[in-house]
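Student: I'm passing along work_33.csv; it holds CSV, C-alpha atoms and all ligand atoms.
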```csv
chain,number,residue,atom,x,y,z
A,1,MET,CA,9.8,-24.5,2.0
A,2,LEU,CA,7.9,-27.7,2.8
A,3,GLY,CA,6.8,-30.2,0.1
A,4,VAL,CA,3.5,-29.9,-1.8
A,5,GLY,CA,0.6,-30.4,0.6
A,6,GLU,CA,2.7,-29.2,3.5
A,7,MET,CA,2.7,-25.5,2.9
A,8,ASN,CA,2.8,-23.3,6.0
A,9,TRP,CA,-0.5,-21.4,6.1
A,10,PRO,CA,-1.1,-18.9,8.9
A,11,ALA,CA,-4.3,-19.0,11.0
A,12,SER,CA,-5.0,-15.4,10.3
A,13,VAL,CA,-4.0,-12.6,8.0
A,14,THR,CA,-4.3,-8.8,8.2
A,15,ILE,CA,-5.5,-7.1,5.1
A,16,LYS,CA,-4.5,-3.4,4.9
A,17,GLU,CA,-6.9,-1.6,2.5
A,18,VAL,CA,-5.0,0.9,0.4
A,19,GLY,CA,-7.6,1.6,-2.2
A,20,PRO,CA,-8.6,5.1,-1.2
A,21,ARG,CA,-4.9,6.1,-1.6
A,22,ASP,CA,-3.1,3.8,-4.0
A,23,GLY,CA,-6.3,3.0,-5.8
A,24,LEU,CA,-7.5,6.5,-6.4
A,25,GLN,CA,-4.1,8.2,-7.0
A,26,ASN,CA,-3.8,6.9,-10.5
A,27,GLU,CA,-7.3,7.5,-11.6
A,28,LYS,CA,-8.0,10.1,-14.3
A,29,VAL,CA,-11.5,10.7,-12.8
A,30,PHE,CA,-11.6,12.9,-9.8
A,31,VAL,CA,-13.9,11.1,-7.4
A,32,PRO,CA,-15.8,13.8,-5.6
A,33,THR,CA,-14.9,14.3,-1.9
A,34,GLU,CA,-18.3,13.3,-0.6
A,35,ASP,CA,-18.1,10.0,-2.6
A,36,LYS,CA,-14.6,9.3,-1.2
A,37,ILE,CA,-16.0,9.9,2.3
A,38,ALA,CA,-19.0,7.7,1.8
A,39,TRP,CA,-16.8,4.9,0.3
A,40,ILE,CA,-14.3,5.0,3.2
A,41,ASN,CA,-17.2,4.9,5.7
A,42,GLN,CA,-18.5,1.8,3.9
A,43,LEU,CA,-15.0,0.3,4.1
A,44,SER,CA,-15.0,1.0,7.9
A,45,GLY,CA,-18.0,-1.2,8.3
A,46,THR,CA,-16.4,-4.3,6.6
A,47,GLY,CA,-14.2,-5.4,9.5
A,48,LEU,CA,-11.0,-4.0,8.0
A,49,LYS,CA,-8.6,-2.8,10.7
A,50,SER,CA,-6.4,-0.5,8.7
A,51,ILE,CA,-7.4,1.8,5.9
A,52,GLU,CA,-5.0,4.1,4.0
A,53,ILE,CA,-7.4,7.0,3.3
A,54,THR,CA,-5.4,9.5,1.3
A,55,SER,CA,-2.1,11.1,0.7
A,56,PHE,CA,-0.6,14.5,1.9
A,57,VAL,CA,1.7,14.8,-1.1
A,58,ASN,CA,2.0,17.8,-3.4
A,59,PRO,CA,-1.5,18.1,-4.9
A,60,LYS,CA,0.1,19.2,-8.2
A,61,TRP,CA,1.8,15.8,-8.4
A,62,ILE,CA,-1.3,13.8,-7.4
A,63,PRO,CA,-4.4,15.9,-8.2
A,64,ALA,CA,-6.8,13.0,-7.6
A,65,LEU,CA,-6.1,13.3,-3.8
A,66,ALA,CA,-5.9,17.1,-3.6
A,67,ASP,CA,-8.8,16.9,-1.1
A,68,ALA,CA,-6.8,14.9,1.5
A,69,ALA,CA,-7.7,17.2,4.5
A,70,GLU,CA,-11.4,17.2,3.7
A,71,VAL,CA,-11.4,13.4,3.3
A,72,ALA,CA,-9.5,12.8,6.5
A,73,THR,CA,-11.6,15.2,8.6
A,74,GLY,CA,-14.9,14.2,6.9
A,75,ILE,CA,-15.0,10.5,7.5
A,76,GLU,CA,-16.5,8.8,10.5
A,77,ARG,CA,-13.7,7.3,12.6
A,78,MET,CA,-14.6,3.8,13.9
A,79,PRO,CA,-12.8,2.7,17.1
A,80,GLY,CA,-10.3,0.0,16.5
A,81,ILE,CA,-9.5,1.0,12.9
A,82,ILE,CA,-6.2,2.7,12.0
A,83,TYR,CA,-6.7,5.5,9.5
A,84,SER,CA,-3.4,6.0,7.7
A,85,ALA,CA,-2.2,8.5,5.1
A,86,LEU,CA,0.9,8.8,2.9
A,87,VAL,CA,3.3,11.6,4.0
A,88,PRO,CA,6.4,12.6,1.8
A,89,ASN,CA,7.9,15.3,3.9
A,90,ARG,CA,7.5,17.8,6.8
A,91,GLN,CA,4.9,19.9,5.0
A,92,GLY,CA,2.8,16.7,4.4
A,93,LEU,CA,3.2,15.7,8.1
A,94,GLU,CA,1.9,19.0,9.3
A,95,ARG,CA,-1.1,18.6,7.1
A,96,ALA,CA,-1.6,15.1,8.2
A,97,LEU,CA,-1.4,16.0,11.9
A,98,GLU,CA,-3.8,18.9,11.4
A,99,ALA,CA,-6.2,16.4,10.0
A,100,ASP,CA,-5.4,14.0,12.9
A,101,VAL,CA,-4.7,10.8,11.0
A,102,ASP,CA,-3.7,7.8,13.2
A,103,GLU,CA,-0.7,6.8,11.2
A,104,ALA,CA,1.8,8.4,8.8
A,105,ALA,CA,3.1,6.3,6.0
A,106,VAL,CA,6.5,7.4,4.6
A,107,PHE,CA,7.7,6.0,1.3
A,108,MET,CA,10.8,5.8,-0.9
A,109,SER,CA,12.3,3.4,-3.4
A,110,ALA,CA,15.1,0.9,-3.5
A,111,SER,CA,16.1,2.1,-7.0
A,112,GLU,CA,17.5,5.6,-7.6
A,113,THR,CA,15.6,6.5,-10.7
A,114,HIS,CA,12.2,5.5,-9.4
A,115,ASN,CA,12.9,7.4,-6.2
A,116,HIS,CA,13.8,10.5,-8.2
A,117,ARG,CA,10.8,10.3,-10.5
A,118,ASN,CA,8.4,9.7,-7.6
A,119,ILE,CA,9.7,12.1,-5.0
A,120,ASN,CA,12.1,14.3,-6.9
A,121,LYS,CA,15.2,13.4,-4.8
A,122,SER,CA,18.0,11.0,-4.6
A,123,ILE,CA,17.8,8.1,-2.1
A,124,ARG,CA,20.5,9.8,-0.1
A,125,ALA,CA,18.7,13.1,0.0
A,126,THR,CA,15.5,11.4,1.0
A,127,PHE,CA,16.8,9.8,4.2
A,128,PRO,CA,17.1,13.0,6.4
A,129,ILE,CA,13.7,14.2,5.2
A,130,LEU,CA,12.0,10.9,6.2
A,131,ARG,CA,13.9,10.7,9.5
A,132,GLU,CA,12.6,14.0,10.6
A,133,VAL,CA,9.0,13.0,9.5
A,134,VAL,CA,9.2,9.7,11.4
A,135,GLN,CA,10.6,11.3,14.5
A,136,GLU,CA,8.0,14.1,14.6
A,137,ALA,CA,5.2,11.7,13.9
A,138,ILE,CA,6.3,9.4,16.8
A,139,ALA,CA,6.6,12.5,19.0
A,140,ALA,CA,3.0,13.4,18.1
A,141,GLY,CA,1.8,9.9,19.2
A,142,LYS,CA,1.3,8.5,15.7
A,143,SER,CA,2.3,5.1,14.5
A,144,VAL,CA,4.5,5.1,11.4
A,145,ARG,CA,4.5,2.8,8.4
A,146,GLY,CA,7.4,2.7,5.9
A,147,TYR,CA,7.2,1.7,2.3
A,148,VAL,CA,10.0,0.5,0.0
A,149,SER,CA,9.0,0.6,-3.6
A,150,THR,CA,10.6,-1.3,-6.6
A,151,VAL,CA,11.7,-4.2,-4.3
A,152,PHE,CA,11.3,-6.8,-7.1
A,153,GLY,CA,12.2,-4.6,-10.1
A,154,CYS,CA,12.2,-1.0,-11.3
A,155,PRO,CA,10.4,0.4,-14.4
A,156,TYR,CA,13.5,2.4,-15.3
A,157,GLU,CA,16.5,0.3,-14.0
A,158,GLY,CA,15.2,-3.2,-14.3
A,159,PRO,CA,16.5,-5.7,-11.6
A,160,VAL,CA,17.0,-4.2,-8.1
A,161,SER,CA,19.6,-5.7,-5.8
A,162,VAL,CA,18.5,-7.1,-2.5
A,163,ASP,CA,21.4,-5.3,-0.9
A,164,GLU,CA,19.8,-2.0,-1.9
A,165,VAL,CA,16.4,-3.2,-0.4
A,166,ILE,CA,18.2,-4.1,2.8
A,167,ARG,CA,20.0,-0.7,3.0
A,168,VAL,CA,16.8,1.3,2.6
A,169,SER,CA,14.9,-1.0,4.9
A,170,ASP,CA,17.5,-0.9,7.6
A,171,THR,CA,17.6,2.9,7.5
A,172,LEU,CA,13.8,3.1,7.7
A,173,PHE,CA,13.7,0.7,10.7
A,174,ASP,CA,16.5,2.7,12.3
A,175,MET,CA,14.3,5.8,12.0
A,176,GLY,CA,11.7,4.1,14.2
A,177,ILE,CA,9.0,2.9,11.8
A,178,ASP,CA,6.6,0.2,13.2
A,179,GLU,CA,6.1,-1.8,10.1
A,180,LEU,CA,7.7,-1.9,6.6
A,181,SER,CA,5.7,-2.6,3.5
A,182,LEU,CA,7.7,-4.1,0.6
A,183,GLY,CA,6.3,-2.9,-2.7
A,184,ASP,CA,6.2,-4.8,-6.0
A,185,THR,CA,5.4,-1.4,-7.6
A,186,ILE,CA,5.1,-2.7,-11.1
A,187,GLY,CA,3.7,-6.1,-10.4
A,188,ILE,CA,6.7,-7.9,-11.8
A,189,ALA,CA,7.5,-10.4,-9.0
A,190,ASN,CA,7.1,-14.1,-9.3
A,191,PRO,CA,6.8,-16.6,-6.4
A,192,LYS,CA,10.4,-18.0,-6.8
A,193,GLN,CA,11.8,-14.5,-6.6
A,194,VAL,CA,9.5,-13.7,-3.6
A,195,GLN,CA,10.9,-16.8,-1.9
A,196,GLU,CA,14.5,-15.8,-2.6
A,197,VAL,CA,14.1,-12.2,-1.5
A,198,LEU,CA,12.2,-13.0,1.6
A,199,ASP,CA,14.7,-15.7,2.5
A,200,ILE,CA,17.3,-13.0,2.8
A,201,LEU,CA,15.2,-10.3,4.3
A,202,LEU,CA,13.7,-12.6,7.0
A,203,GLN,CA,17.3,-13.4,8.3
A,204,ARG,CA,17.3,-9.7,9.2
A,205,PHE,CA,13.8,-8.5,9.9
A,206,ASP,CA,10.9,-10.0,11.9
A,207,ALA,CA,8.1,-11.4,9.7
A,208,LYS,CA,5.6,-9.6,12.0
A,209,LYS,CA,7.1,-6.2,11.1
A,210,LEU,CA,6.9,-6.8,7.3
A,211,ALA,CA,3.9,-6.4,5.0
A,212,LEU,CA,3.9,-7.3,1.3
A,213,HIS,CA,2.4,-4.9,-1.3
A,214,PHE,CA,1.7,-6.6,-4.6
A,215,HIS,CA,0.4,-4.9,-7.7
A,216,ASP,CA,-1.3,-7.4,-10.0
A,217,THR,CA,-0.1,-6.0,-13.3
A,218,ARG,CA,0.9,-9.5,-14.7
A,219,GLY,CA,-1.5,-11.7,-12.7
A,220,THR,CA,1.0,-13.0,-10.2
A,221,ALA,CA,-0.1,-11.2,-7.0
A,222,LEU,CA,-2.1,-14.1,-5.4
A,223,ALA,CA,0.7,-16.6,-6.2
A,224,ASN,CA,3.2,-14.2,-4.6
A,225,ILE,CA,0.9,-13.8,-1.6
A,226,LEU,CA,0.7,-17.6,-1.2
A,227,MET,CA,4.5,-17.8,-1.3
A,228,SER,CA,4.8,-14.9,1.2
A,229,MET,CA,2.4,-16.7,3.6
A,230,ASP,CA,4.4,-19.9,3.3
A,231,MET,CA,7.5,-17.8,4.3
A,232,GLY,CA,5.7,-16.5,7.4
A,233,ILE,CA,4.2,-13.1,6.3
A,234,THR,CA,0.7,-12.4,7.6
A,235,THR,CA,0.1,-8.8,6.5
A,236,PHE,CA,-0.9,-7.8,2.9
A,237,ASP,CA,-1.9,-4.6,1.3
A,238,ALA,CA,-4.8,-4.7,-1.1
A,239,SER,CA,-7.1,-2.4,-2.9
A,240,VAL,CA,-10.9,-2.8,-3.3
A,241,GLY,CA,-11.8,-3.5,-7.0
A,242,GLY,CA,-8.1,-3.9,-7.8
A,243,LEU,CA,-7.9,-0.2,-8.3
A,244,GLY,CA,-4.6,1.6,-8.6
A,245,GLY,CA,-1.0,2.0,-9.6
A,246,CYS,CA,1.8,4.4,-9.2
A,247,PRO,CA,1.6,7.4,-11.6
A,248,TYR,CA,5.4,7.5,-11.6
A,249,ALA,CA,5.8,3.9,-12.7
A,250,PRO,CA,4.8,3.6,-16.3
A,251,GLY,CA,2.5,0.7,-17.0
A,252,ALA,CA,1.9,0.0,-13.3
A,253,SER,CA,-1.7,-1.2,-12.7
A,254,GLY,CA,-3.7,-1.9,-9.6
A,255,ASN,CA,-3.0,-3.6,-6.3
A,256,VAL,CA,-4.3,-7.1,-5.8
A,257,ALA,CA,-8.0,-6.8,-5.4
A,258,SER,CA,-9.0,-7.0,-1.7
A,259,GLU,CA,-12.1,-9.1,-2.5
A,260,ASP,CA,-10.0,-11.6,-4.6
A,261,LEU,CA,-7.5,-11.9,-1.7
A,262,LEU,CA,-10.4,-12.3,0.8
A,263,TYR,CA,-12.1,-14.9,-1.3
A,264,MET,CA,-8.9,-17.0,-1.4
A,265,LEU,CA,-8.2,-16.6,2.3
A,266,ASP,CA,-11.9,-17.3,3.3
A,267,ALA,CA,-11.9,-20.5,1.1
A,268,MET,CA,-8.6,-21.6,2.8
A,269,GLY,CA,-10.1,-21.1,6.3
A,270,ILE,CA,-7.6,-18.3,7.1
A,271,HIS,CA,-9.2,-15.7,9.4
A,272,THR,CA,-9.3,-12.0,8.4
A,273,GLY,CA,-12.3,-10.6,10.2
A,274,VAL,CA,-13.5,-9.0,7.0
A,275,ASN,CA,-17.0,-9.5,5.6
A,276,ARG,CA,-16.9,-10.4,1.9
A,277,GLU,CA,-20.4,-9.2,1.0
A,278,LYS,CA,-19.8,-5.8,2.6
A,279,LEU,CA,-16.4,-5.6,0.9
A,280,LEU,CA,-18.0,-6.4,-2.5
A,281,SER,CA,-20.6,-3.8,-1.9
A,282,ALA,CA,-17.9,-1.2,-1.3
A,283,ALA,CA,-16.2,-2.4,-4.5
A,284,ARG,CA,-19.4,-2.0,-6.5
A,285,PHE,CA,-19.9,1.5,-5.1
A,286,ILE,CA,-16.4,2.7,-6.2
A,287,GLN,CA,-16.7,0.9,-9.6
A,288,GLU,CA,-19.9,2.9,-10.3
A,289,LYS,CA,-18.2,6.2,-9.3
A,290,ILE,CA,-15.1,5.5,-11.4
A,291,GLY,CA,-17.4,4.6,-14.3
A,292,ARG,CA,-15.5,1.6,-15.8
A,293,GLU,CA,-15.2,-2.1,-15.1
A,294,LEU,CA,-12.5,-2.6,-12.4
A,295,PRO,CA,-10.0,-5.5,-12.6
A,296,SER,CA,-11.3,-7.5,-9.6
A,297,ARG,CA,-12.3,-11.0,-10.6
A,298,ASN,CA,-14.8,-11.5,-7.7
A,299,LEU,CA,-16.5,-8.2,-8.6
A,300,GLN,CA,-17.1,-9.3,-12.2
A,301,VAL,CA,-18.3,-12.7,-11.1
A,302,GLY,CA,-20.7,-11.0,-8.8
A,303,ASN,CA,-21.9,-8.7,-11.6
A,304,SER,CA,-22.5,-11.5,-14.1
A,305,ASN,CA,-24.5,-13.4,-11.5
A,306,GLY,CA,-26.7,-10.4,-11.3
B,1,LIG,P1,9.2,18.9,-4.8
B,1,LIG,O1,8.6,19.7,-6.0
B,1,LIG,O2,10.6,18.4,-5.0
B,1,LIG,O3,8.9,19.6,-3.4
B,1,LIG,O4,8.3,17.6,-4.6
B,1,LIG,P2,9.6,20.9,-2.9
B,1,LIG,O5,9.8,20.7,-1.4
B,1,LIG,O6,10.7,21.5,-3.7
B,1,LIG,O7,8.3,22.0,-3.0
B,1,LIG,C1,7.8,22.4,-4.2
B,1,LIG,C2,6.4,22.8,-4.1
B,1,LIG,O8,5.6,21.7,-3.6
B,1,LIG,C3,6.1,23.9,-3.1
B,1,LIG,O9,5.0,24.7,-3.6
B,1,LIG,C4,5.7,23.2,-1.8
B,1,LIG,O10,4.9,24.0,-1.0
B,1,LIG,C5,4.9,22.0,-2.4
B,1,LIG,P3,5.2,26.0,-4.4
B,1,LIG,O11,6.0,26.9,-3.6
B,1,LIG,O12,5.9,25.6,-5.7
B,1,LIG,O13,3.8,26.4,-4.7
B,1,LIG,N1,4.9,20.9,-1.5
B,1,LIG,C6,3.7,20.4,-1.0
B,1,LIG,N2,2.5,20.8,-1.0
B,1,LIG,C7,1.6,20.1,-0.3
B,1,LIG,N3,1.9,19.0,0.5
B,1,LIG,C8,3.2,18.6,0.5
B,1,LIG,C9,4.2,19.3,-0.2
B,1,LIG,N4,5.5,19.2,-0.3
B,1,LIG,C10,5.9,20.1,-1.1
B,1,LIG,N5,3.5,17.5,1.3
B,1,LIG,C11,7.3,15.9,-3.2
B,1,LIG,C12,8.6,16.7,-3.6
B,1,LIG,C13,7.7,14.6,-2.5
B,1,LIG,C14,6.4,16.7,-2.4
B,1,LIG,C15,6.6,15.5,-4.6
B,1,LIG,O14,7.6,14.8,-5.4
B,1,LIG,C16,5.4,14.6,-4.4
B,1,LIG,O15,4.4,15.1,-3.9
B,1,LIG,N6,5.5,13.3,-4.8
B,1,LIG,C17,4.5,12.4,-4.5
B,1,LIG,C18,4.4,11.4,-5.6
B,1,LIG,C19,3.4,10.3,-5.2
B,1,LIG,O16,2.5,10.6,-4.4
B,1,LIG,N7,3.5,9.1,-5.8
B,1,LIG,C20,2.7,8.0,-5.5
B,1,LIG,C21,2.8,7.4,-4.1
B,1,LIG,S1,4.1,6.3,-3.9
B,1,LIG,C22,3.4,4.8,-4.5
B,1,LIG,O17,2.4,4.8,-5.1
B,1,LIG,C23,4.2,3.5,-4.2
B,1,LIG,C24,3.5,2.7,-3.0
B,1,LIG,O18,2.2,2.4,-3.3
B,1,LIG,C25,4.3,1.4,-2.8
B,1,LIG,C26,4.5,0.6,-4.1
B,1,LIG,O19,3.6,0.3,-4.8
B,1,LIG,O20,5.7,0.3,-4.3
B,1,LIG,C27,3.6,3.5,-1.7
B,2,MG,MG,1.5,0.8,-4.6
```
Show me this structure written as structure tokens.
Tutor:
Amino acid sequence: MLGVGEMNWPASVTIKEVGPRDGLQNEKVFVPTEDKIAWINQLSGTGLKSIEITSFVNPKWIPALADAAEVATGIERMPGIIYSALVPNRQGLERALEADVDEAAVFMSASETHNHRNINKSIRATFPILREVVQEAIAAGKSVRGYVSTVFGCPYEGPVSVDEVIRVSDTLFDMGIDELSLGDTIGIANPKQVQEVLDILLQRFDAKKLALHFHDTRGTALANILMSMDMGITTFDASVGGLGGCPYAPGASGNVASEDLLYMLDAMGIHTGVNREKLLSAARFIQEKIGRELPSRNLQVGNSNG
């Protein structure tokens, strides 16, 4: 890393909006399908280029997204936007292909216990299932994103070894995924740790193929993003309003709020192509539907300013 005042900022950053999936999956309130659709349509008008719209998992595990097919087929598709969805297995892929999503996102954990709690299988048993999904999605002409969860710590096991992260990441890339999102599932990472972990991972993987996915449970997400940018990462997952969390990670709260990230990047002169006013308006819309104040700082500043 360079000295203070010499940090290495990128000219542009891609924000991947995961609110309709990661945000809503942990909400007690079932947001009606037509509201989800109206919200995603608003997000499509903000300049975002990638939106994770839903999840084709077992609806008994994630009832909040039981309407995945209706949402995916009900939204207006804007050219130039990738509409992605989470897919855990072959059955999920079939549903996702029927709904014609642009991208399948497969997911697993670097820690055994979280993998088991989240997808009911060992890491070893997950590999062949995801390999089949990735190969079939590619054969169907879809792009494929991979997620590794618990990269910076596991709610059940504590510290996670970078070697395990590398093993899972290598296997996912070997399956043919286009991009890997590294998940701080429980928002436990700090900038020094991010630097140490990325230092190792970037010796092996191209920065352009990596995204960082920070939950903001302990308020370190923006600091972690700054460090990731300094290390050469230019793609970040975020969730409008700061909605979200993993239901199978106790205490996990929302992703970094997209509008908080956007405020910081705009102020730093880093290009995203996303319009802040439109994003804030989409945040206000979902806050009203959820019926409680969301964690986003920019949303609350906006509210108190009337
Ligand atoms: P399982 O129970 O082991 O599955 O669940 P199974 O294959 O034994 O099947 C059992 C039943 O599930 C059957 O139905 C299947 O039809 C049904 P039954 O005969 O009992 O009526 N089923 C499905 N139904 C619809 N769609 C499907 C599907 N698959 C099976 N795709 C499974 C295994 C993976 C499905 C389950 O554990 C599951 O759905 N888990 C999802 C959990 C989840 O969504 N977690 C949150 C997302 S991950 C996350 O948030 C982290 C991330 O944000 C990154 C980060 O922050 O780190 C990505
Ligand atoms: Mg997440």
Student: Measure the distance from CA of Leu243 (chain A) to CA of Met229 (chain A) in Å and round it to one decimal.
Tutor: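 One can read the CA of Leu243 (chain A) to CA of Met229 (chain A) distance as 22.8 Å.
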Student: Residues near Lys142 (chain A), anyone? I mean within 6 Å using all atoms listed in the file, not counting same-chain ones fewer than 3 positions away, as a list in words.
Tutor: Asp102, Glu103, Ala137 and Ile138 of chain A
Student: Which is closer to ligand LIG 1 (chain B) than all the others in A:Gly242, A:Gly45, A:Pro247, A:Pro20, using all atoms listed in the file?
Tutor: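 Among the listed residues, the smallest separation from ligand LIG 1 (chain B) belongs to A:Pro247.
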Student: Could you list, with a cut-off of 8 Å and counting only C-alpha atoms and all ligand atoms, the residues of chain A near ligand MG 2 (chain B), each shown with its nearest atom pair and the distance in Å rounded to one decimal, rows sorted by chain and ascending number, as a Markdown table?
Tutor:
```
| residue | atom | partner | partner_atom | distance |
| --- | --- | --- | --- | --- |
| A:Asp22 | CA | B:MG2 | MG | 5.5 |
| A:Ser149 | CA | B:MG2 | MG | 7.6 |
| A:Gly183 | CA | B:MG2 | MG | 6.4 |
| A:Asp184 | CA | B:MG2 | MG | 7.4 |
| A:Thr185 | CA | B:MG2 | MG | 5.4 |
| A:His213 | CA | B:MG2 | MG | 6.6 |
| A:Phe214 | CA | B:MG2 | MG | 7.4 |
| A:His215 | CA | B:MG2 | MG | 6.6 |
| A:Gly244 | CA | B:MG2 | MG | 7.3 |
| A:Gly245 | CA | B:MG2 | MG | 5.7 |
| A:Cys246 | CA | B:MG2 | MG | 5.8 |
| A:Gly254 | CA | B:MG2 | MG | 7.7 |
| A:Asn255 | CA | B:MG2 | MG | 6.5 |
```
Student: Give me, please, the distance in Å between CA of Val165 (chain A) and CA of Ile15 (chain A), quoted to one decimal.
Tutor: 22.9 Å
Student: Quote the spacing between CA of Val148 (chain A) and CA of Leu97 (chain A) in Å to one decimal place.
Tutor: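 Spanning CA of Val148 (chain A) to CA of Leu97 (chain A) is a straight-line distance of 22.6 Å.
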Student: Restricting the calculation to only C-alpha atoms, which member of A:Asn190, A:Ser109, A:Thr73, A:Thr54 is positioned closest to Val87 (chain A)?
Tutor: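 Ranked by minimum distance to Val87 (chain A), first place goes to A:Thr54.
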Student: Check every protein, DNA and RNA residue against ligand LIG 1 (chain B), keep those with an atom at most 6 Å away (counting only C-alpha atoms and all ligand atoms), and present them as an MDAnalysis selection string.
Tutor: chainID A and resid 22 56:59 61:62 88:89 91:92 107 118:120 147 149:150 183:185 246
Student: Can I get C-alpha atoms for region 116-183 of chain A, as a short mmCIF file (atom, residue, chain, number, x, y, z; two decimals), in the first residue's frame?
Tutor:
```cif
data_model
loop_
_atom_site.label_atom_id
_atom_site.label_comp_id
_atom_site.auth_asym_id
_atom_site.auth_seq_id
_atom_site.Cartn_x
_atom_site.Cartn_y
_atom_site.Cartn_z
CA HIS A 116 -24.19 -26.89 6.23
CA ARG A 117 -26.61 -24.51 7.96
CA ASN A 118 -27.14 -22.50 4.78
CA ILE A 119 -27.47 -25.19 2.13
CA ASN A 120 -27.75 -28.39 4.12
CA LYS A 121 -24.62 -30.04 2.76
CA SER A 122 -20.93 -30.41 3.39
CA ILE A 123 -18.53 -28.35 1.28
CA ARG A 124 -17.40 -31.53 -0.43
CA ALA A 125 -20.97 -32.56 -1.31
CA THR A 126 -21.71 -29.06 -2.63
CA PHE A 127 -19.00 -29.05 -5.31
CA PRO A 128 -20.54 -31.57 -7.75
CA ILE A 129 -23.97 -29.94 -7.41
CA LEU A 130 -22.63 -26.49 -8.25
CA ARG A 131 -20.42 -27.84 -11.04
CA GLU A 132 -23.46 -29.25 -12.78
CA VAL A 133 -25.38 -25.96 -12.28
CA VAL A 134 -22.51 -23.85 -13.62
CA GLN A 135 -22.00 -26.05 -16.66
CA GLU A 136 -25.70 -26.16 -17.51
CA ALA A 137 -26.10 -22.42 -17.04
CA ILE A 138 -23.16 -21.77 -19.38
CA ALA A 139 -24.60 -24.22 -21.92
CA ALA A 140 -27.87 -22.24 -21.75
CA GLY A 141 -25.95 -19.06 -22.63
CA LYS A 142 -26.06 -17.50 -19.16
CA SER A 143 -23.27 -15.78 -17.31
CA VAL A 144 -22.45 -17.27 -13.91
CA ARG A 145 -21.41 -15.55 -10.73
CA GLY A 146 -20.02 -17.41 -7.72
CA TYR A 147 -20.20 -16.40 -4.07
CA VAL A 148 -17.97 -17.56 -1.26
CA SER A 149 -19.46 -16.75 2.13
CA THR A 150 -17.71 -16.42 5.52
CA VAL A 151 -14.43 -15.31 3.88
CA PHE A 152 -13.54 -13.07 6.85
CA GLY A 153 -15.12 -15.11 9.64
CA CYS A 154 -17.88 -17.61 10.37
CA PRO A 155 -20.70 -17.13 12.89
CA TYR A 156 -20.26 -20.74 14.04
CA GLU A 157 -16.54 -21.45 13.66
CA GLY A 158 -14.91 -18.04 14.13
CA PRO A 159 -11.76 -17.39 12.08
CA VAL A 160 -11.64 -18.91 8.59
CA SER A 161 -8.36 -19.87 6.98
CA VAL A 162 -7.40 -18.15 3.72
CA ASP A 163 -6.39 -21.58 2.43
CA GLU A 164 -10.02 -22.69 2.66
CA VAL A 165 -11.14 -19.53 0.81
CA ILE A 166 -8.58 -20.31 -1.91
CA ARG A 167 -9.67 -23.93 -2.17
CA VAL A 168 -13.34 -23.05 -2.62
CA SER A 169 -12.55 -20.12 -4.94
CA ASP A 170 -10.24 -22.23 -7.12
CA THR A 171 -12.91 -24.89 -7.45
CA LEU A 172 -15.59 -22.35 -8.40
CA PHE A 173 -13.33 -20.74 -11.03
CA ASP A 174 -12.46 -24.20 -12.33
CA MET A 175 -16.20 -24.84 -12.82
CA GLY A 176 -16.27 -21.83 -15.18
CA ILE A 177 -17.74 -18.93 -13.18
CA ASP A 178 -17.17 -15.47 -14.70
CA GLU A 179 -16.81 -13.57 -11.43
CA LEU A 180 -16.40 -14.41 -7.75
CA SER A 181 -17.94 -12.37 -4.97
CA LEU A 182 -16.12 -12.64 -1.64
CA GLY A 183 -18.65 -12.40 1.18
#
```
